[in-house]
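Here the structure is laid out as structure tokens; the discussion comes afterwards.
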Amino acid sequence: MKKPIVLILVLCVSTFSAWAQTDSLFNVLEEAENEVRVNVLNELYKELRNAQPEKALSYAQEALQLAEKIDYPRGQANALNNLGVYHRNRGNYELAIDYYVRALKMHESIENTDGIALTMGNIGNLYSLKGDYDKALEYYNKTLNLIEANPDTVRLISIYNNIGNVYFDLGNNLMAIDYYLRSLALYEKSNHPENTFDLLNSLGNIYFSQRNMDSAMWYFQQSLRVEQINGNKYAQALALNNIGVVHKSVGNYSAAIENQFKARALALEVGNRPLLSTIYKNLSESFYLQKNTAKAYEYLQQYMMLKERLSSEETGRKLAELESSYELAKREKEIEILQQEGEIKDLNVRNSNLLISVFTMGGGLLTALLILYYLKFQHNQRVKNLLEERNREIMRRNREIEAQKQIIEFKNQNITDSIQYAKSIQETILKKRLFRYNMPDSFIFNRPKDIVSGDFFWYARIDDFDILALIDCTGHGVAGAFMTVIGNSILNQIIHENKVYSPSQILLDMDERLAETLKQLEESSTHYGMDLAVCKIDRQHHKLIFSGAKRPLYYVHQGEFTEFKGDNLSIGELSFGRDKSFQEYEINYKEGDVFYIFSDGFADQFGSAVDKKYMSKRFRQLIRTIQKQSMEKQGQSLELEMNRWMGSTEQTDDMLVIGFKL
């Protein structure tokens, strides 16, 4: 695996910056007063909470006392939130909940959206620790809505990572990876050193979930190294525990136990009970796998005792009270507004009664005028109510339309992200680097119609000869991409496992296996298939052997153009009792000879100036025209010509053209 050295350098620089920031805060604290001092104390808590939790606690307590003394609500709320985090890390969930409730109410009172988002995110962390993942996601999404309204890159990195962790714990690795990659993309664009450990740990989790133990171990070890420099003992404990889990998964139980003991010592030192519970569970499993049942039982008991304390009914009750308290505070505000409106209405009623008395005393004429005015007023009121009702209905429908639009956009984005991920997988199939390394005098013109393609090529260097195949699958986009994965897998089996190197035999085996895979022999209504051009290049004897299934080979020798047409049979195509066979062509090439293989996408593309296809005849003429150029320039010429021909016309199919000089 190629390690991201630049990322590690950035992380180390970030660690140094964190030290410098802490020293700077201490310098400011010496002369800071009032609100500035409260803010510095709260920041010092954040800097020291994982390395020196007790010292960090003293700063948070001092910040709260000073903020209460000088009546600084924002500082109070931040200090309360910090104290909640401290007690959450200690496993004192009841105390943590009390502090979060107080912090949330205070942030609400001063309408501090950032503070509300931060506290809701911490409440989500509590639910995540308790294993209530539905509630955790509910609060994380509330936090996400608040943050996205006023984008905060650092907070978004953290919340995406937390949501990824929840999906990882639920076993939904695809969603976990999606959110981890969102966090990573933001981190790479930001200039902030925060969440360094979370980033490395999440990358380790991705590879661990894919059973890529070497990569997982590398990222967990890097997280340990960075946090040892940073002095973050909690993060070191978590990294050591993860390293132990990897050792356990590969059967290295002694190393697993050794690392988990180190993790236990650090977790005890910082007093993080939730992490300690996880370490006890892993120690029990490691000793059990080592067949040391006595030790396994001992640590299982410690795990169960600690888990029972962390999952008490009181914690659940407190979380329920937190939600009720938060909702109650919002309702009390609504009631207060309604009471004010009621007083206004009472005053209006009294004024109306006074006016009625005056009008009654004014005589019959005034009464008649009042009745007429009242009737007109009623009419106007009905019209007004009708208009308001229609406006409300229009607004309701607009909201529904907007909600549906957002849902569609979200689903489209998820689909696009998934297809982009599929594209990255598909690109790993194409051995472009290996092909260009062994055939440097070549070009690859590849233009998919959609994000993923139904055209691909397969290449391998075997002993003293090369095998190159170009495959044009039925369809394009996602359907075509699925076929490319199937085709790549079958070619690997035929060539690498079964050692079949004859181009014609490769086509026959490919036809049989594809038909078997897709069950086409039974399902005649579905026609999936592939068109192939296969070349075996014998460098020692200067021979190229070609066989094609509906795909030709163009050959240029000293300016003379020759076309070798493949057989008029597709791979996977039903023959209805007819035996298939494919002809082989043997070419004794000379140094400097040029070969071209391609899919039908280039020739089938419609032009903007004329509503016609490019056609094979025009394509052959183009090859004759450009064949004296260097291979790199030939690829550029194909690109320019297709851009000119298409203009604003939509692309109709995937395009793939490969040219190489021997």
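Ordering of the structure tokens sets the chain letters (A, B, ...), residue numbers begin anew at 1 in every chain, and ligands are numbered from 1 in the order given.
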- Query: Quick one: DSSP helix (DSSP H, G or I) residues in range 59-197 of chain A, as a PyMOL selection string?
  - Reply: chain A and resi 59-69+73-89+93-109+113-130+133-149+153-169+173-189+196-197
Output C-alpha atoms for every residue in the selection just made, as an mmCIF file, in the first residue's frame.
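Saved file selection15.cif follows:
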```cif
data_model
loop_
_atom_site.group_PDB
_atom_site.id
_atom_site.type_symbol
_atom_site.label_atom_id
_atom_site.label_comp_id
_atom_site.auth_asym_id
_atom_site.auth_seq_id
_atom_site.Cartn_x
_atom_site.Cartn_y
_atom_site.Cartn_z
ATOM 1 C CA TYR A 59 -9.843 25.185 34.240
ATOM 2 C CA ALA A 60 -13.458 24.406 33.322
ATOM 3 C CA GLN A 61 -14.603 24.827 36.944
ATOM 4 C CA GLU A 62 -12.764 28.138 37.253
ATOM 5 C CA ALA A 63 -14.305 29.314 33.959
ATOM 6 C CA LEU A 64 -17.824 28.494 35.229
ATOM 7 C CA GLN A 65 -17.315 30.281 38.552
ATOM 8 C CA LEU A 66 -15.922 33.426 36.931
ATOM 9 C CA ALA A 67 -18.604 33.478 34.200
ATOM 10 C CA GLU A 68 -21.371 33.267 36.856
ATOM 11 C CA LYS A 69 -19.717 36.018 38.872
ATOM 12 C CA PRO A 73 -23.942 33.558 29.766
ATOM 13 C CA ARG A 74 -21.945 32.367 26.739
ATOM 14 C CA GLY A 75 -18.921 31.615 28.899
ATOM 15 C CA GLN A 76 -21.138 29.794 31.436
ATOM 16 C CA ALA A 77 -22.718 27.653 28.725
ATOM 17 C CA ASN A 78 -19.331 26.705 27.218
ATOM 18 C CA ALA A 79 -17.941 25.814 30.648
ATOM 19 C CA LEU A 80 -21.037 23.691 31.427
ATOM 20 C CA ASN A 81 -20.614 21.869 28.124
ATOM 21 C CA ASN A 82 -16.919 21.239 28.880
ATOM 22 C CA LEU A 83 -17.823 19.819 32.305
ATOM 23 C CA GLY A 84 -20.373 17.560 30.599
ATOM 24 C CA VAL A 85 -17.654 16.241 28.271
ATOM 25 C CA TYR A 86 -15.347 15.597 31.236
ATOM 26 C CA HIS A 87 -17.945 13.526 33.112
ATOM 27 C CA ARG A 88 -18.963 11.703 29.912
ATOM 28 C CA ASN A 89 -15.350 10.592 29.442
ATOM 29 C CA TYR A 93 -23.380 9.888 32.435
ATOM 30 C CA GLU A 94 -25.892 11.276 34.971
ATOM 31 C CA LEU A 95 -23.629 14.224 35.805
ATOM 32 C CA ALA A 96 -22.819 14.717 32.114
ATOM 33 C CA ILE A 97 -26.536 14.904 31.299
ATOM 34 C CA ASP A 98 -27.146 17.510 34.039
ATOM 35 C CA TYR A 99 -24.398 19.723 32.655
ATOM 36 C CA TYR A 100 -25.647 19.312 29.057
ATOM 37 C CA VAL A 101 -29.194 20.267 30.096
ATOM 38 C CA ARG A 102 -27.942 23.441 31.781
ATOM 39 C CA ALA A 103 -25.686 24.277 28.816
ATOM 40 C CA LEU A 104 -28.494 23.724 26.286
ATOM 41 C CA LYS A 105 -30.941 25.940 28.201
ATOM 42 C CA MET A 106 -28.381 28.716 28.466
ATOM 43 C CA HIS A 107 -27.457 28.547 24.776
ATOM 44 C CA GLU A 108 -31.193 28.695 23.986
ATOM 45 C CA SER A 109 -31.685 31.739 26.220
ATOM 46 C CA THR A 113 -26.925 28.493 17.418
ATOM 47 C CA ASP A 114 -23.292 27.287 17.495
ATOM 48 C CA GLY A 115 -23.588 26.394 21.167
ATOM 49 C CA ILE A 116 -26.882 24.571 20.623
ATOM 50 C CA ALA A 117 -25.291 22.552 17.795
ATOM 51 C CA LEU A 118 -22.238 21.687 19.927
ATOM 52 C CA THR A 119 -24.355 20.513 22.868
ATOM 53 C CA MET A 120 -26.714 18.491 20.663
ATOM 54 C CA GLY A 121 -23.691 16.799 19.116
ATOM 55 C CA ASN A 122 -22.461 15.868 22.608
ATOM 56 C CA ILE A 123 -25.894 14.464 23.465
ATOM 57 C CA GLY A 124 -25.618 12.374 20.297
ATOM 58 C CA ASN A 125 -22.256 11.101 21.592
ATOM 59 C CA LEU A 126 -23.970 9.975 24.815
ATOM 60 C CA TYR A 127 -26.616 8.044 22.909
ATOM 61 C CA SER A 128 -23.878 6.495 20.751
ATOM 62 C CA LEU A 129 -21.988 5.334 23.844
ATOM 63 C CA LYS A 130 -25.205 3.756 25.183
ATOM 64 C CA TYR A 133 -27.882 4.503 17.481
ATOM 65 C CA ASP A 134 -31.275 5.753 16.229
ATOM 66 C CA LYS A 135 -31.265 8.519 18.852
ATOM 67 C CA ALA A 136 -27.584 9.232 18.204
ATOM 68 C CA LEU A 137 -28.284 9.739 14.483
ATOM 69 C CA GLU A 138 -31.326 11.903 15.334
ATOM 70 C CA TYR A 139 -29.190 14.314 17.381
ATOM 71 C CA TYR A 140 -26.268 14.207 14.948
ATOM 72 C CA ASN A 141 -28.625 15.149 12.106
ATOM 73 C CA LYS A 142 -30.109 17.997 14.198
ATOM 74 C CA THR A 143 -26.556 19.193 14.752
ATOM 75 C CA LEU A 144 -25.790 18.818 11.050
ATOM 76 C CA ASN A 145 -28.803 20.962 10.089
ATOM 77 C CA LEU A 146 -27.674 23.744 12.424
ATOM 78 C CA ILE A 147 -24.050 23.595 11.242
ATOM 79 C CA GLU A 148 -24.881 23.497 7.528
ATOM 80 C CA ALA A 149 -27.003 26.636 7.958
ATOM 81 C CA THR A 153 -15.609 23.212 8.588
ATOM 82 C CA VAL A 154 -14.050 21.951 11.834
ATOM 83 C CA ARG A 155 -17.440 21.025 13.303
ATOM 84 C CA LEU A 156 -18.546 19.379 10.024
ATOM 85 C CA ILE A 157 -15.377 17.235 9.989
ATOM 86 C CA SER A 158 -16.244 16.005 13.485
ATOM 87 C CA ILE A 159 -19.977 15.409 12.924
ATOM 88 C CA TYR A 160 -19.413 13.550 9.626
ATOM 89 C CA ASN A 161 -16.863 11.390 11.423
ATOM 90 C CA ASN A 162 -19.298 10.704 14.319
ATOM 91 C CA ILE A 163 -22.105 9.727 11.920
ATOM 92 C CA GLY A 164 -19.634 7.455 10.115
ATOM 93 C CA ASN A 165 -18.771 5.824 13.468
ATOM 94 C CA VAL A 166 -22.459 5.109 14.159
ATOM 95 C CA TYR A 167 -22.935 3.448 10.763
ATOM 96 C CA PHE A 168 -19.675 1.537 11.310
ATOM 97 C CA ASP A 169 -20.985 0.226 14.666
ATOM 98 C CA ASN A 173 -19.798 -0.103 6.031
ATOM 99 C CA LEU A 174 -20.875 1.620 2.804
ATOM 100 C CA MET A 175 -22.597 4.461 4.695
ATOM 101 C CA ALA A 176 -19.698 4.625 7.169
ATOM 102 C CA ILE A 177 -17.171 4.972 4.342
ATOM 103 C CA ASP A 178 -19.367 7.617 2.694
ATOM 104 C CA TYR A 179 -19.311 9.836 5.796
ATOM 105 C CA TYR A 180 -15.622 9.119 6.517
ATOM 106 C CA LEU A 181 -14.761 10.265 2.990
ATOM 107 C CA ARG A 182 -16.850 13.429 3.453
ATOM 108 C CA SER A 183 -14.871 14.139 6.651
ATOM 109 C CA LEU A 184 -11.570 13.417 4.890
ATOM 110 C CA ALA A 185 -12.455 15.654 1.922
ATOM 111 C CA LEU A 186 -13.207 18.583 4.254
ATOM 112 C CA TYR A 187 -10.065 17.941 6.300
ATOM 113 C CA GLU A 188 -7.848 18.023 3.219
ATOM 114 C CA LYS A 189 -9.329 21.398 2.222
ATOM 115 C CA THR A 196 -6.272 14.523 13.666
ATOM 116 C CA PHE A 197 -6.748 11.340 15.645
#
```
- Item | Selection: 8 Å around Gly592 in chain A, only C-alpha atoms, excl. self and same-chain fewer than 4 positions, as number ranges by chain | A: 557, 661-662
- Task: Could you give me, as a count of residues only, the residues within 8 Å of range 550-554 of chain A, counting only C-alpha atoms and dropping anything in the same chain fewer than 4 positions from it?
- Result: 19
- Message: Can you pull out the residues contacting range 501-515 of chain A? Cut-off 8 Å, using only C-alpha atoms, and skip same-chain residues under 5 positions away; I want them as JSON, numbers by chain.
- Response: {"A": [467, 487, 490, 491, 494, 495, 520, 521, 529, 532, 534, 535, 536, 545, 546, 547, 548, 549, 571, 572, 573, 580, 581, 582, 583, 584]}
- Message: If we count only C-alpha atoms and set the cut-off at 8 Å, which residues sit around Ala296 in chain A, ignoring sequence neighbours fewer than 3 positions away in its own chain? Please answer as a ChimeraX atom specification.
- Response: /A:283-288,292-293,299-300
Since we have the selection now, will you write its residues out, keeping N, CA and C atoms, as an mmCIF file, in the first residue's frame?
```
data_model
loop_
_atom_site.group_PDB
_atom_site.id
_atom_site.type_symbol
_atom_site.label_atom_id
_atom_site.label_comp_id
_atom_site.auth_asym_id
_atom_site.auth_seq_id
_atom_site.Cartn_x
_atom_site.Cartn_y
_atom_site.Cartn_z
ATOM 1 N N LEU A 283 -9.955 -7.775 25.891
ATOM 2 C CA LEU A 283 -9.026 -8.630 26.645
ATOM 3 C C LEU A 283 -9.655 -9.996 26.904
ATOM 4 N N SER A 284 -10.953 -9.989 27.262
ATOM 5 C CA SER A 284 -11.643 -11.259 27.508
ATOM 6 C C SER A 284 -11.639 -12.127 26.252
ATOM 7 N N GLU A 285 -11.925 -11.507 25.104
ATOM 8 C CA GLU A 285 -11.944 -12.269 23.853
ATOM 9 C C GLU A 285 -10.552 -12.787 23.499
ATOM 10 N N SER A 286 -9.505 -11.959 23.704
ATOM 11 C CA SER A 286 -8.137 -12.371 23.367
ATOM 12 C C SER A 286 -7.686 -13.548 24.228
ATOM 13 N N PHE A 287 -7.962 -13.470 25.551
ATOM 14 C CA PHE A 287 -7.579 -14.580 26.436
ATOM 15 C C PHE A 287 -8.366 -15.852 26.094
ATOM 16 N N TYR A 288 -9.640 -15.678 25.701
ATOM 17 C CA TYR A 288 -10.442 -16.851 25.345
ATOM 18 C C TYR A 288 -9.866 -17.529 24.102
ATOM 19 N N ASN A 292 -7.002 -19.319 27.446
ATOM 20 C CA ASN A 292 -6.809 -19.017 28.873
ATOM 21 C C ASN A 292 -8.174 -18.610 29.431
ATOM 22 N N THR A 293 -8.993 -19.620 29.745
ATOM 23 C CA THR A 293 -10.384 -19.351 30.115
ATOM 24 C C THR A 293 -10.502 -18.623 31.451
ATOM 25 N N TYR A 299 -11.766 -11.008 32.976
ATOM 26 C CA TYR A 299 -11.985 -9.730 32.288
ATOM 27 C C TYR A 299 -13.411 -9.609 31.766
ATOM 28 N N LEU A 300 -14.067 -10.723 31.510
ATOM 29 C CA LEU A 300 -15.481 -10.665 31.145
ATOM 30 C C LEU A 300 -16.309 -10.128 32.309
#
```
- Message: Set the distance at 10 Å and use only C-alpha atoms: which residues neighbour Arg225 in chain A once local chain neighbours fewer than 6 positions away are removed? I'd like the list as a PyMOL selection string.
- Response: chain A and resi 12+219+231+236+239
Dump as a CSV table (one decimal), in the first residue's frame, selection limited to N, CA and C atoms:
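part_8.csv written:
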```
chain,number,residue,atom,x,y,z
A,12,CYS,N,1.9,15.9,11.8
A,12,CYS,CA,2.9,16.3,12.7
A,12,CYS,C,3.0,17.8,12.9
A,219,TYR,N,-2.5,2.6,9.8
A,219,TYR,CA,-3.2,3.8,10.2
A,219,TYR,C,-3.3,3.9,11.7
A,231,GLY,N,0.6,14.0,23.2
A,231,GLY,CA,0.4,13.8,24.6
A,231,GLY,C,-1.1,13.5,24.9
A,236,GLN,N,-4.2,7.7,22.7
A,236,GLN,CA,-3.2,6.6,22.7
A,236,GLN,C,-3.8,5.3,23.1
A,239,ALA,N,-6.0,4.0,20.3
A,239,ALA,CA,-5.1,3.5,19.2
A,239,ALA,C,-4.5,2.1,19.6
```
- Query: Closest to Asp611 in chain A among A:Glu43, A:Ile486, A:Gly647, A:Leu29, using only C-alpha atoms?
  - Reply: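 Smallest distance to Asp611 in chain A is found for A:Gly647.
Of the residues under consideration (A:Gly635, A:Gly607, A:Gly475, A:Gly559), A:Gly607 shows the shortest atom-to-atom contact distance to Gln651 in chain A when counting only C-alpha atoms.
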- Query: Nearest to Val556 in chain A: which of A:Asp152, A:Glu35, A:Glu591, A:Asp579 is it, counting only C-alpha atoms?
  - Reply: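 Smallest distance to Val556 in chain A is found for A:Glu591.
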